[in-house]
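Text of final-v5.txt, listed as compact mmCIF, C-alpha atoms:
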# COMPACT_ATOMS: atom_id res chain seq x y z
CA MET A 371 0.00 0.00 0.00
CA ALA A 372 0.95 3.59 -0.20
CA HIS A 373 1.91 4.26 3.36
CA LEU A 374 -1.31 5.78 4.56
CA PRO A 375 -1.64 7.46 7.94
CA ALA A 376 -1.79 5.05 10.86
CA THR A 377 -5.47 5.81 11.36
CA ALA A 378 -6.34 4.49 7.90
CA PRO A 379 -7.35 0.86 7.56
CA VAL A 380 -4.48 -1.25 6.32
CA THR A 381 -6.21 -3.85 4.21
CA GLY A 382 -5.59 -5.50 0.91
CA ARG A 383 -6.68 -8.19 -1.49
CA HIS A 384 -4.31 -11.03 -2.34
CA LEU A 385 -5.29 -12.87 -5.52
CA ILE A 386 -3.48 -16.16 -6.10
CA ALA A 387 -3.82 -17.95 -9.42
CA ASP A 388 -2.40 -20.92 -11.29
CA LEU A 389 -2.45 -20.66 -15.08
CA THR A 390 -1.96 -23.28 -17.77
CA GLY A 391 -0.88 -23.08 -21.38
CA GLY A 392 0.09 -19.98 -23.28
CA THR A 393 3.22 -18.94 -25.10
CA GLY A 394 6.29 -16.91 -24.28
CA LEU A 395 6.57 -18.33 -20.76
CA GLY A 396 10.35 -18.25 -21.17
CA ASP A 397 10.44 -14.74 -22.64
CA LEU A 398 11.89 -12.41 -19.99
CA ALA A 399 10.89 -9.22 -21.80
CA LEU A 400 7.31 -10.42 -22.24
CA VAL A 401 7.07 -11.37 -18.57
CA GLU A 402 8.34 -7.92 -17.54
CA GLN A 403 5.82 -6.27 -19.87
CA ALA A 404 3.05 -8.42 -18.37
CA LEU A 405 4.01 -7.43 -14.81
CA ARG A 406 4.04 -3.73 -15.68
CA ALA A 407 0.78 -3.90 -17.64
CA ALA A 408 -0.86 -5.84 -14.81
CA ALA A 409 0.17 -3.19 -12.29
CA ALA A 410 -1.28 -0.48 -14.50
CA ALA A 411 -4.54 -2.40 -14.96
CA ALA A 412 -4.75 -2.98 -11.21
CA LYS A 413 -4.23 0.75 -10.59
CA ALA A 414 -1.01 0.17 -8.67
CA ARG A 415 2.29 2.06 -8.77
CA VAL A 416 5.46 0.14 -9.65
CA LEU A 417 8.52 0.81 -7.47
CA GLY A 418 10.70 -1.67 -9.34
CA VAL A 419 10.62 -4.90 -11.35
CA HIS A 420 13.09 -7.69 -10.65
CA LEU A 421 13.46 -10.77 -12.84
CA HIS A 422 15.48 -13.96 -13.05
CA HIS A 423 15.71 -16.26 -16.08
CA PHE A 424 16.46 -19.91 -15.40
CA GLY A 425 18.11 -20.37 -18.79
CA GLU A 426 17.32 -21.50 -22.32
CA GLY A 427 14.17 -23.60 -22.42
CA HIS A 428 13.34 -22.78 -18.83
CA GLY A 429 11.15 -20.26 -17.08
CA VAL A 430 11.24 -16.87 -15.46
CA THR A 431 10.69 -15.69 -11.89
CA GLY A 432 9.76 -12.09 -11.43
CA VAL A 433 8.27 -9.59 -9.05
CA ALA A 434 6.95 -6.08 -9.34
CA LEU A 435 7.37 -4.29 -6.02
CA LEU A 436 4.47 -1.88 -5.72
CA ALA A 437 3.72 1.11 -3.53
CA GLU A 438 0.66 -1.03 -2.66
CA SER A 439 2.56 -4.36 -2.09
CA HIS A 440 3.54 -6.72 -4.98
CA ILE A 441 2.79 -8.84 -8.03
CA SER A 442 4.83 -12.01 -8.55
CA ILE A 443 5.04 -14.47 -11.42
CA HIS A 444 6.79 -17.81 -11.89
CA THR A 445 6.67 -19.61 -15.24
CA TRP A 446 7.51 -23.16 -16.32
CA PRO A 447 7.48 -23.49 -20.11
CA GLU A 448 8.53 -27.12 -19.61
CA THR A 449 5.07 -27.94 -18.24
CA GLY A 450 3.03 -24.95 -19.42
CA ASP A 451 2.49 -23.72 -15.88
CA THR A 452 2.43 -20.16 -14.55
CA ALA A 453 1.91 -19.16 -10.91
CA VAL A 454 0.83 -15.59 -10.19
CA ASP A 455 0.01 -13.63 -7.08
CA LEU A 456 -1.21 -10.06 -6.84
CA PHE A 457 -1.27 -8.53 -3.35
CA ILE A 458 -2.49 -4.96 -3.56
CA CYS A 459 -3.58 -2.73 -0.70
CA GLY A 460 -6.02 0.12 -0.86
CA PRO A 461 -9.59 0.62 -2.07
CA ALA A 462 -8.64 1.46 -5.67
CA ALA A 463 -6.91 -1.86 -6.35
CA ASP A 464 -8.32 -4.13 -9.04
CA VAL A 465 -6.42 -7.40 -8.67
CA GLU A 466 -8.75 -9.25 -11.05
CA ALA A 467 -7.97 -6.78 -13.85
CA GLY A 468 -4.26 -7.33 -13.24
CA LEU A 469 -4.62 -11.09 -13.44
CA ALA A 470 -6.66 -10.85 -16.64
CA VAL A 471 -3.89 -8.80 -18.26
CA ILE A 472 -1.23 -11.37 -17.37
CA ALA A 473 -3.32 -14.28 -18.63
CA GLY A 474 -4.15 -12.40 -21.80
CA MET A 475 -0.58 -11.37 -22.59
CA LEU A 476 0.67 -14.94 -22.09
CA GLY A 477 -2.32 -16.50 -23.85
CA ALA A 478 -2.76 -18.65 -20.75
CA THR A 479 -5.90 -20.03 -19.12
CA ILE A 480 -6.67 -19.40 -15.44
CA ALA A 481 -6.90 -22.93 -14.03
CA ARG A 482 -7.76 -21.83 -10.50
CA GLN A 483 -7.78 -18.65 -8.46
CA GLN A 484 -8.42 -17.66 -4.88
CA THR A 485 -8.58 -14.32 -3.09
CA VAL A 486 -7.33 -13.84 0.47
CA LEU A 487 -8.28 -10.71 2.39
CA ARG A 488 -5.15 -9.41 4.08
CA LEU A 489 -4.62 -7.41 7.25
CA GLU A 490 -8.29 -7.38 8.17
CA ARG A 491 -9.00 -6.39 11.77
CA MET B 1204 11.29 -24.12 -7.76
CA ALA B 1205 14.51 -25.36 -9.08
CA HIS B 1206 13.58 -26.06 -12.65
CA LEU B 1207 13.05 -29.79 -12.43
CA PRO B 1208 12.52 -31.93 -15.51
CA ALA B 1209 9.09 -31.58 -17.11
CA THR B 1210 8.16 -35.03 -15.85
CA ALA B 1211 8.56 -33.96 -12.23
CA PRO B 1212 5.50 -32.71 -10.38
CA VAL B 1213 5.49 -28.93 -10.25
CA THR B 1214 3.87 -28.26 -6.93
CA GLY B 1215 4.44 -25.91 -4.08
CA ARG B 1216 3.12 -24.62 -0.81
CA HIS B 1217 2.14 -20.97 -0.46
CA LEU B 1218 1.94 -19.82 3.14
CA ILE B 1219 0.28 -16.45 3.66
CA ALA B 1220 0.41 -14.79 7.05
CA ASP B 1221 -0.49 -11.52 8.74
CA LEU B 1222 1.60 -10.61 11.77
CA THR B 1223 1.04 -8.01 14.47
CA GLY B 1224 3.39 -6.22 16.83
CA GLY B 1225 7.14 -6.57 17.02
CA THR B 1226 9.98 -4.15 16.63
CA GLY B 1227 12.26 -3.06 13.84
CA LEU B 1228 9.50 -3.08 11.23
CA GLY B 1229 11.12 -0.02 9.67
CA ASP B 1230 14.66 -1.43 9.81
CA LEU B 1231 15.68 -2.32 6.24
CA ALA B 1232 18.75 -4.30 7.30
CA LEU B 1233 16.74 -6.36 9.78
CA VAL B 1234 14.06 -7.10 7.19
CA GLU B 1235 16.72 -8.25 4.72
CA GLN B 1236 18.29 -10.47 7.39
CA ALA B 1237 14.87 -11.92 8.17
CA LEU B 1238 14.21 -12.74 4.50
CA ARG B 1239 17.58 -14.47 4.12
CA ALA B 1240 17.24 -16.38 7.40
CA ALA B 1241 13.71 -17.44 6.47
CA ALA B 1242 14.90 -18.80 3.13
CA ALA B 1243 17.63 -20.78 4.87
CA ALA B 1244 15.18 -22.17 7.43
CA ALA B 1245 12.76 -23.10 4.65
CA LYS B 1246 15.60 -24.90 2.80
CA ALA B 1247 15.33 -22.60 -0.21
CA ARG B 1248 18.05 -21.00 -2.32
CA VAL B 1249 18.10 -17.19 -2.63
CA LEU B 1250 18.64 -15.78 -6.13
CA GLY B 1251 18.39 -12.16 -4.97
CA VAL B 1252 16.83 -9.90 -2.36
CA HIS B 1253 15.16 -6.65 -3.36
CA LEU B 1254 13.97 -4.04 -0.86
CA HIS B 1255 12.28 -0.66 -0.77
CA HIS B 1256 12.07 1.63 2.25
CA PHE B 1257 9.11 4.02 2.39
CA GLY B 1258 11.02 6.56 4.47
CA GLU B 1259 11.61 7.58 8.06
CA GLY B 1260 8.89 6.26 10.34
CA HIS B 1261 7.45 4.10 7.58
CA GLY B 1262 7.79 0.52 6.51
CA VAL B 1263 9.67 -1.72 4.15
CA THR B 1264 8.62 -3.83 1.18
CA GLY B 1265 10.90 -6.65 0.22
CA VAL B 1266 11.14 -9.87 -1.70
CA ALA B 1267 13.58 -12.74 -1.82
CA LEU B 1268 13.49 -14.34 -5.26
CA LEU B 1269 14.19 -18.03 -4.76
CA ALA B 1270 15.18 -20.88 -7.04
CA GLU B 1271 11.96 -22.38 -5.60
CA SER B 1272 9.74 -19.24 -6.04
CA HIS B 1273 9.68 -16.36 -3.49
CA ILE B 1274 9.26 -14.90 -0.02
CA SER B 1275 7.76 -11.44 0.31
CA ILE B 1276 7.33 -9.10 3.25
CA HIS B 1277 5.56 -5.78 3.73
CA THR B 1278 5.77 -3.92 7.04
CA TRP B 1279 3.82 -1.02 8.54
CA PRO B 1280 5.44 0.24 11.75
CA GLU B 1281 2.70 2.88 11.87
CA THR B 1282 0.14 0.20 12.71
CA GLY B 1283 2.35 -2.68 13.83
CA ASP B 1284 1.35 -4.81 10.85
CA THR B 1285 3.47 -7.17 8.76
CA ALA B 1286 2.25 -9.17 5.77
CA VAL B 1287 4.32 -12.17 4.68
CA ASP B 1288 4.01 -14.78 1.98
CA LEU B 1289 6.27 -17.74 1.36
CA PHE B 1290 5.70 -19.64 -1.90
CA ILE B 1291 8.19 -22.47 -2.15
CA CYS B 1292 8.12 -25.36 -4.59
CA GLY B 1293 9.58 -28.80 -4.05
CA PRO B 1294 9.30 -31.53 -1.44
CA ALA B 1295 12.10 -30.19 0.78
CA ALA B 1296 10.46 -26.83 1.44
CA ASP B 1297 9.50 -25.93 5.00
CA VAL B 1298 7.42 -22.78 4.70
CA GLU B 1299 6.32 -22.91 8.33
CA ALA B 1300 9.95 -22.82 9.50
CA GLY B 1301 10.54 -19.77 7.31
CA LEU B 1302 7.54 -17.95 8.75
CA ALA B 1303 8.60 -18.78 12.31
CA VAL B 1304 12.01 -17.23 11.65
CA ILE B 1305 10.51 -14.00 10.34
CA ALA B 1306 8.08 -13.71 13.26
CA GLY B 1307 10.87 -14.46 15.71
CA MET B 1308 13.34 -11.97 14.28
CA LEU B 1309 10.73 -9.19 14.29
CA GLY B 1310 9.30 -10.20 17.67
CA ALA B 1311 5.89 -10.27 15.99
CA THR B 1312 2.87 -12.49 16.61
CA ILE B 1313 1.26 -14.51 13.82
CA ALA B 1314 -2.31 -13.18 13.80
CA ARG B 1315 -3.51 -15.48 11.03
CA GLN B 1316 -2.05 -17.80 8.46
CA GLN B 1317 -3.28 -19.88 5.57
CA THR B 1318 -1.60 -22.33 3.21
CA VAL B 1319 -2.56 -22.64 -0.44
CA LEU B 1320 -1.38 -25.65 -2.44
CA ARG B 1321 -0.07 -24.40 -5.77
CA LEU B 1322 0.11 -25.98 -9.20
CA GLU B 1323 -1.64 -29.16 -8.11
CA ARG B 1324 -2.88 -31.31 -10.97
Write the structure described by the file as structure tokens, please.
Amino acid sequence: MAHLPATAPVTGRHLIADLTGGTGLGDLALVEQALRAAAAAAKARVLGVHLHHFGEGHGVTGVALLAESHISIHTWPETGDTAVDLFICGPAADVEAGLAVIAGMLGATIARQQTVLRLER
Amino acid sequence: MAHLPATAPVTGRHLIADLTGGTGLGDLALVEQALRAAAAAAKARVLGVHLHHFGEGHGVTGVALLAESHISIHTWPETGDTAVDLFICGPAADVEAGLAVIAGMLGATIARQQTVLRLER
């Protein structure tokens, strides 16, 4: 979250999703673009994007650190799997829109998803 | 996860926890130490640690990118809140041990926790 005053409620939505299929799961530049586009769609502000490529034929691990928490992605082109989580604080956040952007850019199908409410009192 | 052969099961445990209380929630060096110690306790290999400090009196956002996925942490000293998630693939992972290390190093109490099985077939 943007660091709101202590009197503000500190709550967030944490959307966790496993995706299957798609293309470009080993494409570092595409994964970075997907993280940044997801943050924009979710109405979050990117502080930095950090990525690691596991090598030719393998996947990518990446995270966008946000003013409102984070979006992470892990891809396995070997099996056609992608794991995503979007944890975004604040009332403006649209985690579902962010997930839809990632799935769309990778051409992947959302196999399952779950939302956890975070930091509820 | 370490990028196992495509025939290996790609599964992981994703432990999500909200913590309350503790000290040093605004201490960047402590948060980095906690991430690295948590990865070691969880039997995961750190690829890199990335941190952002929101400024004097405010919190820290950080992530450890792992060969086996990631550990993230977001702290709010203003309200005494810490949000953690540990997503670690592979049979050796001990996400609970990692969480215990983070809570212990911050002197924080685990207010709630939940484990999501990831990438199950």
Self-check item: Point (5.7, -19.2, -13.6) neighbourhood (9 Å, only C-alpha atoms) written as a ChimeraX atom specification
Solution: /A:388-389,395-396,429-432,442-447,450-454 /B:1272
Quiz item: Given the choices B:Met1308, B:Ala1244, B:Glu1259, B:Leu1322, which gets closest to chain A if the distance is worked out from all atoms listed in the file?
Solution: B:Leu1322
Sel. within 12 Å of pt (12.3, -20.7, 2.4), counting all atoms listed in the file, output as a compact mmCIF listing (two decimals) with C-alpha atoms, keeping the file's coordinate frame:
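Below is the file part26.txt, written as the result:
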# COMPACT_ATOMS: atom_id res chain seq x y z
CA MET B 1204 11.29 -24.12 -7.76
CA GLY B 1215 4.44 -25.91 -4.08
CA ARG B 1216 3.12 -24.62 -0.81
CA HIS B 1217 2.14 -20.97 -0.46
CA LEU B 1218 1.94 -19.82 3.14
CA ALA B 1237 14.87 -11.92 8.17
CA LEU B 1238 14.21 -12.74 4.50
CA ARG B 1239 17.58 -14.47 4.12
CA ALA B 1240 17.24 -16.38 7.40
CA ALA B 1241 13.71 -17.44 6.47
CA ALA B 1242 14.90 -18.80 3.13
CA ALA B 1243 17.63 -20.78 4.87
CA ALA B 1244 15.18 -22.17 7.43
CA ALA B 1245 12.76 -23.10 4.65
CA LYS B 1246 15.60 -24.90 2.80
CA ALA B 1247 15.33 -22.60 -0.21
CA ARG B 1248 18.05 -21.00 -2.32
CA VAL B 1249 18.10 -17.19 -2.63
CA LEU B 1250 18.64 -15.78 -6.13
CA VAL B 1266 11.14 -9.87 -1.70
CA ALA B 1267 13.58 -12.74 -1.82
CA LEU B 1268 13.49 -14.34 -5.26
CA LEU B 1269 14.19 -18.03 -4.76
CA ALA B 1270 15.18 -20.88 -7.04
CA GLU B 1271 11.96 -22.38 -5.60
CA SER B 1272 9.74 -19.24 -6.04
CA HIS B 1273 9.68 -16.36 -3.49
CA ILE B 1274 9.26 -14.90 -0.02
CA SER B 1275 7.76 -11.44 0.31
CA VAL B 1287 4.32 -12.17 4.68
CA ASP B 1288 4.01 -14.78 1.98
CA LEU B 1289 6.27 -17.74 1.36
CA PHE B 1290 5.70 -19.64 -1.90
CA ILE B 1291 8.19 -22.47 -2.15
CA CYS B 1292 8.12 -25.36 -4.59
CA GLY B 1293 9.58 -28.80 -4.05
CA PRO B 1294 9.30 -31.53 -1.44
CA ALA B 1295 12.10 -30.19 0.78
CA ALA B 1296 10.46 -26.83 1.44
CA ASP B 1297 9.50 -25.93 5.00
CA VAL B 1298 7.42 -22.78 4.70
CA GLU B 1299 6.32 -22.91 8.33
CA ALA B 1300 9.95 -22.82 9.50
CA GLY B 1301 10.54 -19.77 7.31
CA LEU B 1302 7.54 -17.95 8.75
CA ALA B 1303 8.60 -18.78 12.31
CA VAL B 1304 12.01 -17.23 11.65
CA ILE B 1305 10.51 -14.00 10.34
Practice problem: One decimal, Å: what's the distance from CA of Gln1316 in chain B over to CA of Ala473 in chain A, could you say? | Solution: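 It comes out at 27.3 Å.
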Practice problem: Counting all atoms listed in the file, figure out which residue out of B:Asp1230, B:Glu1235, B:Thr1223, B:Thr1214 gets nearest to Arg1315 in chain B. | Solution: B:Thr1223
Quiz prompt | CA of His422 in chain A to CA of Gly392 in chain A, straight-line distance in Å | solution =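 Atom-to-atom, CA of Gly392 in chain A to CA of His422 in chain A, that is 19.4 Å.
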Exercise. Could you check how far CA of Gly1251 in chain B sits from CA of His420 in chain A, in Å to one decimal?
Key: 9.0 Å
